[in-house]
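Raw final.cif, mmCIF, C-alpha atoms:
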data_entry
#
loop_
_atom_site.label_atom_id
_atom_site.label_comp_id
_atom_site.auth_asym_id
_atom_site.auth_seq_id
_atom_site.Cartn_x
_atom_site.Cartn_y
_atom_site.Cartn_z
CA SER I 1 35.05 -16.89 153.01
CA ALA I 2 31.91 -18.29 154.65
CA VAL I 3 31.19 -21.31 156.77
CA ILE I 4 27.93 -23.00 155.84
CA SER I 5 26.19 -25.86 157.61
CA GLN I 6 23.29 -27.96 156.45
CA LYS I 7 20.91 -30.21 158.35
CA PRO I 8 20.31 -33.06 157.96
CA SER I 9 23.46 -34.34 156.29
CA ARG I 10 21.54 -37.30 154.91
CA ASP I 11 18.12 -38.87 155.18
CA ILE I 12 16.13 -41.77 153.86
CA CYS I 13 12.47 -40.92 153.33
CA GLN I 14 9.38 -42.70 152.14
CA ARG I 15 7.53 -41.81 148.99
CA GLY I 16 4.85 -39.17 149.52
CA THR I 17 6.43 -37.52 152.56
CA SER I 18 8.21 -34.16 152.82
CA LEU I 19 11.64 -33.18 154.10
CA THR I 20 12.85 -29.75 155.16
CA ILE I 21 16.55 -28.99 154.75
CA GLN I 22 18.14 -26.22 156.77
CA CYS I 23 21.04 -24.02 155.70
CA GLN I 24 22.90 -21.81 158.17
CA VAL I 25 25.74 -19.41 157.31
CA ASP I 26 28.14 -17.75 159.76
CA SER I 27 27.74 -14.24 158.32
CA GLN I 28 24.97 -12.10 156.92
CA VAL I 29 24.47 -12.58 153.20
CA THR I 30 21.90 -11.21 150.81
CA MET I 31 21.82 -13.94 148.20
CA MET I 32 21.47 -17.65 148.88
CA PHE I 33 20.93 -20.38 146.33
CA TRP I 34 19.64 -23.94 146.37
CA TYR I 35 21.04 -26.53 143.96
CA ARG I 36 20.27 -30.16 143.19
CA GLN I 37 22.84 -32.73 142.13
CA GLN I 38 21.27 -35.90 140.82
CA PRO I 39 23.34 -39.10 140.85
CA GLY I 40 26.23 -38.87 138.43
CA GLN I 41 25.20 -35.40 137.28
CA SER I 42 26.41 -31.88 137.82
CA LEU I 43 24.64 -29.19 139.81
CA THR I 44 21.38 -27.61 138.69
CA LEU I 45 20.05 -24.41 140.23
CA ILE I 46 16.65 -24.81 141.87
CA ALA I 47 16.05 -21.26 143.09
CA THR I 48 17.56 -18.04 144.35
CA ALA I 49 16.49 -16.99 147.84
CA ASN I 50 16.95 -13.35 148.80
CA GLN I 51 15.97 -12.17 152.25
CA GLY I 52 12.82 -10.09 152.20
CA SER I 53 11.51 -11.33 148.87
CA GLU I 54 9.94 -14.41 147.36
CA ALA I 55 12.31 -17.05 146.03
CA THR I 56 12.91 -17.05 142.28
CA TYR I 57 12.61 -20.52 140.74
CA GLU I 58 14.36 -21.85 137.66
CA SER I 59 12.57 -23.52 134.80
CA GLY I 60 11.38 -26.96 135.83
CA PHE I 61 11.14 -26.18 139.53
CA VAL I 62 7.95 -24.95 141.21
CA ILE I 63 7.15 -23.50 144.59
CA ASP I 64 4.57 -26.16 145.46
CA LYS I 65 7.20 -28.87 145.11
CA PHE I 66 10.17 -26.95 146.56
CA PRO I 67 8.94 -24.26 148.97
CA ILE I 68 11.74 -22.08 150.31
CA SER I 69 11.90 -19.81 153.32
CA ARG I 70 14.42 -17.06 153.98
CA PRO I 71 13.51 -15.52 157.33
CA ASN I 72 16.78 -13.66 157.91
CA LEU I 73 20.23 -12.98 156.45
CA THR I 74 21.88 -16.13 157.87
CA PHE I 75 19.29 -18.88 157.40
CA SER I 76 17.17 -20.57 154.74
CA THR I 77 15.16 -23.75 154.37
CA LEU I 78 14.24 -25.85 151.35
CA THR I 79 11.37 -28.32 151.58
CA VAL I 80 11.10 -31.22 149.17
CA SER I 81 7.39 -32.03 149.11
CA ASN I 82 5.46 -35.15 148.19
CA MET I 83 8.70 -36.97 147.45
CA SER I 84 9.21 -39.63 144.82
CA PRO I 85 12.30 -41.74 144.09
CA GLU I 86 13.21 -39.23 141.34
CA ASP I 87 13.88 -36.68 144.09
CA SER I 88 16.81 -38.76 145.36
CA SER I 89 19.71 -36.34 145.03
CA ILE I 90 22.20 -34.25 146.92
CA TYR I 91 20.74 -30.84 147.78
CA LEU I 92 23.22 -28.02 148.34
CA CYS I 93 22.84 -24.47 149.48
CA SER I 94 25.29 -21.74 148.58
CA VAL I 95 25.84 -18.11 149.47
CA LEU I 96 27.19 -15.24 147.43
CA LEU I 97 29.80 -13.04 149.06
CA GLU I 98 29.94 -9.54 147.64
CA ALA I 99 33.11 -8.36 145.89
CA PRO I 100 34.41 -10.49 144.28
CA TYR I 101 31.02 -12.21 144.17
CA GLU I 102 32.31 -15.65 144.97
CA GLN I 103 29.95 -18.49 145.88
CA TYR I 104 30.55 -20.83 148.79
CA PHE I 105 28.72 -24.10 149.25
CA GLY I 106 27.43 -26.07 152.17
CA PRO I 107 28.32 -29.75 152.65
CA GLY I 108 25.07 -30.93 151.08
CA THR I 109 22.15 -33.09 152.14
CA ARG I 110 22.02 -36.56 150.62
CA LEU I 111 18.38 -37.56 150.18
CA THR I 112 17.23 -41.06 149.31
CA VAL I 113 13.54 -41.65 148.63
CA THR I 114 12.28 -45.22 148.81
CA LYS B 115 21.37 -20.24 127.45
CA GLN B 116 24.88 -20.77 128.78
CA GLU B 117 26.38 -24.23 128.34
CA VAL B 118 29.56 -25.32 130.07
CA THR B 119 31.58 -28.29 128.88
CA GLN B 120 34.48 -29.97 130.62
CA ILE B 121 36.98 -32.23 128.92
CA PRO B 122 38.07 -34.87 129.71
CA ALA B 123 35.31 -36.44 131.80
CA ALA B 124 37.90 -38.52 133.63
CA LEU B 125 41.67 -38.43 133.91
CA SER B 126 44.15 -40.76 135.57
CA VAL B 127 47.76 -39.66 136.06
CA PRO B 128 50.76 -40.90 138.05
CA GLU B 129 51.79 -38.92 141.09
CA GLY B 130 54.07 -35.98 140.33
CA GLU B 131 52.74 -35.21 136.87
CA ASN B 132 51.55 -31.77 135.85
CA LEU B 133 48.08 -31.75 134.31
CA VAL B 134 45.54 -29.48 132.66
CA LEU B 135 41.77 -29.60 132.97
CA ASN B 136 39.71 -27.86 130.32
CA CYS B 137 36.46 -25.91 130.52
CA SER B 138 34.59 -24.21 127.69
CA PHE B 139 31.48 -22.03 127.72
CA THR B 140 29.19 -20.88 124.95
CA ASP B 141 28.31 -17.34 126.09
CA SER B 142 31.36 -15.14 126.62
CA ALA B 143 29.36 -12.52 128.54
CA ILE B 144 30.33 -13.94 131.92
CA TYR B 145 30.90 -12.03 135.13
CA ASN B 146 33.43 -14.45 136.56
CA LEU B 147 34.36 -18.11 136.50
CA GLN B 148 34.95 -20.39 139.48
CA TRP B 149 36.74 -23.69 139.79
CA PHE B 150 35.56 -26.07 142.51
CA ARG B 151 36.65 -29.37 143.91
CA GLN B 152 34.16 -32.02 145.04
CA ASP B 153 35.16 -35.08 147.01
CA PRO B 154 32.83 -38.12 146.86
CA GLY B 155 29.60 -37.51 148.76
CA LYS B 156 30.73 -34.05 149.84
CA GLY B 157 29.95 -30.45 149.06
CA LEU B 158 31.97 -28.12 146.86
CA THR B 159 35.21 -26.41 147.84
CA SER B 160 36.00 -23.20 145.99
CA LEU B 161 39.51 -23.34 144.51
CA LEU B 162 39.89 -20.27 142.35
CA LEU B 163 37.78 -17.42 141.05
CA ILE B 164 38.74 -15.47 137.94
CA GLN B 165 37.07 -12.17 137.22
CA SER B 166 36.06 -11.52 133.62
CA SER B 167 38.76 -8.84 133.37
CA GLN B 168 41.52 -11.17 134.55
CA ARG B 169 43.61 -13.63 132.56
CA GLU B 170 44.70 -15.94 135.35
CA GLN B 171 44.71 -16.66 139.06
CA THR B 172 47.13 -18.73 141.11
CA SER B 173 46.83 -20.49 144.44
CA GLY B 174 49.68 -22.75 145.49
CA ARG B 175 50.04 -25.53 142.92
CA LEU B 176 46.90 -24.43 141.08
CA ASN B 177 46.73 -21.96 138.23
CA ALA B 178 43.55 -21.08 136.39
CA SER B 179 43.44 -19.14 133.14
CA LEU B 180 40.57 -17.46 131.35
CA ASP B 181 40.16 -16.53 127.69
CA LYS B 182 36.74 -14.94 127.41
CA SER B 183 36.92 -14.30 123.69
CA SER B 184 37.38 -17.98 122.92
CA GLY B 185 35.11 -19.16 125.75
CA ARG B 186 37.77 -21.22 127.49
CA SER B 187 39.30 -21.71 130.90
CA THR B 188 41.96 -24.13 132.06
CA LEU B 189 42.98 -25.38 135.47
CA TYR B 190 46.64 -26.34 135.73
CA ILE B 191 47.72 -28.55 138.61
CA ALA B 192 51.45 -28.82 139.20
CA ALA B 193 53.19 -31.81 140.75
CA SER B 194 49.99 -33.76 141.32
CA GLN B 195 49.49 -35.69 144.57
CA PRO B 196 47.11 -38.54 145.51
CA GLY B 197 45.24 -36.04 147.70
CA ASP B 198 44.33 -34.13 144.55
CA SER B 199 42.05 -37.00 143.52
CA ALA B 200 38.53 -35.56 143.29
CA THR B 201 36.04 -34.22 140.77
CA TYR B 202 36.84 -30.73 139.50
CA LEU B 203 33.97 -28.52 138.41
CA CYS B 204 34.05 -25.23 136.59
CA ALA B 205 31.14 -22.82 136.73
CA SER B 206 30.46 -19.60 134.88
CA CYS B 207 28.70 -16.75 136.64
CA SER B 208 25.93 -15.03 134.70
CA GLY B 209 26.59 -11.55 135.91
CA ALA B 210 25.24 -8.56 137.72
CA GLY B 211 21.82 -9.03 139.24
CA SER B 212 21.43 -12.79 139.30
CA TYR B 213 24.96 -14.16 139.82
CA GLN B 214 23.74 -17.61 138.87
CA LEU B 215 26.32 -20.32 138.30
CA THR B 216 26.15 -22.70 135.35
CA PHE B 217 28.17 -25.83 135.97
CA GLY B 218 29.98 -28.25 133.74
CA LYS B 219 29.71 -31.96 134.42
CA GLY B 220 33.17 -32.09 135.89
CA THR B 221 36.44 -33.92 135.39
CA LYS B 222 37.08 -36.84 137.70
CA LEU B 223 40.79 -36.88 138.50
CA SER B 224 42.64 -39.87 139.89
CA VAL B 225 46.27 -39.46 140.91
CA ILE B 226 47.96 -42.82 141.22
CA PRO B 227 50.70 -43.17 143.89
#

Any chance you could give the structure as structure tokens?
Amino acid sequence: SAVISQKPSRDICQRGTSLTIQCQVDSQVTMMFWYRQQPGQSLTLIATANQGSEATYESGFVIDKFPISRPNLTFSTLTVSNMSPEDSSIYLCSVLLEAPYEQYFGPGTRLTVT
Amino acid sequence: KQEVTQIPAALSVPEGENLVLNCSFTDSAIYNLQWFRQDPGKGLTSLLLIQSSQREQTSGRLNASLDKSSGRSTLYIAASQPGDSATYLCASCSGAGSYQLTFGKGTKLSVIP
């Protein structure tokens, strides 16, 4: 298994500002993912972040809005830029452990945009 | 595009009952399937992972089955307890290369003491 931490755990931000969310894992992993969970909804994949390459974004998500860094095998950041109330969600990072390729999730960051 | 459906959306049972949560998926070409538990305002806890070649997996009071050909998985919870109250999510894994998870909307379980 993997132990994943996220910072901050929650934040309240004003419209038009940006927030950077950090994700730290206790072991080296190749693949990390960022998901969004809007109120009352299930999880939607934002992007896949592999160390040493540019993040791959899913349809509907763009790098200018959600820039991602992956500087090493244990850390990643997701920035939510130029926020609007529609960005109010829980943001979760996950890691993929090889064989049996099971994903583990962090505790999430609850973002409220006013 | 894979679609994952979970039925029922919500379930309330008295303590001690056995129960079954259902998950269906449209594309049977999955790599594996995971069941998660999510407590209110929290992250996801992995419960069980079933490889595409497996039929079932067991952990304690939990048993998950997989029928790839029919696009179905079930999560069986034996002797339910109030502490089992949570939202249960199933997610199919797309396979080699991307390993992306597609989630259902979940089943919210309430176990009444």

Taking all atoms listed in the file into account, find every residue of chain B that has an atom no more than 8 Å from chain I, and write it out as a ChimeraX atom specification.
/B:148,155-160,163,165,213-220

Which residues would end up in the selection if the PyMOL selection byres ((chain B and resi 174) around 12) were applied here, given that I need the answer as number ranges by chain?
B: 161-162, 171-173, 175-178, 190-194

Work out how far CA of Gln14 in chain I is from CA of Trp34 in chain I, in Å to one decimal.
22.1 Å

What separation in Å, quoted to one decimal, exists between CA of Val3 in chain I and CA of Ser224 in chain B?
27.6 Å

What do you get, as a PyMOL selection string, if you spell out every residue that the PyMOL selection byres ((chain B and resi 180) around 9) selects here?
chain B and resi 147+164-166+168-171+178-179+181-182+185-188

Separation of CA of Ile63 in chain I and CA of Gln38 in chain I, in Å?
19.2 Å

Applying 8 Å and only C-alpha atoms, which residues near range 139-142 of chain B remain after dropping the ones on its own chain fewer than 3 positions away? List them as a PyMOL selection string.
chain B and resi 115-119+182-186+206

If the PyMOL selection byres ((chain B and resi 198) around 8) is run on the structure shown, which residues does it catch, given as an MDAnalysis selection string?
chainID B and resid 194:197 199:200 223:225

If we count all atoms listed in the file and set the cut-off at 6 Å, which residues sit around Tyr145 in chain B, ignoring sequence neighbours fewer than 5 positions away in its own chain? Please answer as JSON, numbers by chain.
{"B": [166, 207, 208, 209]}
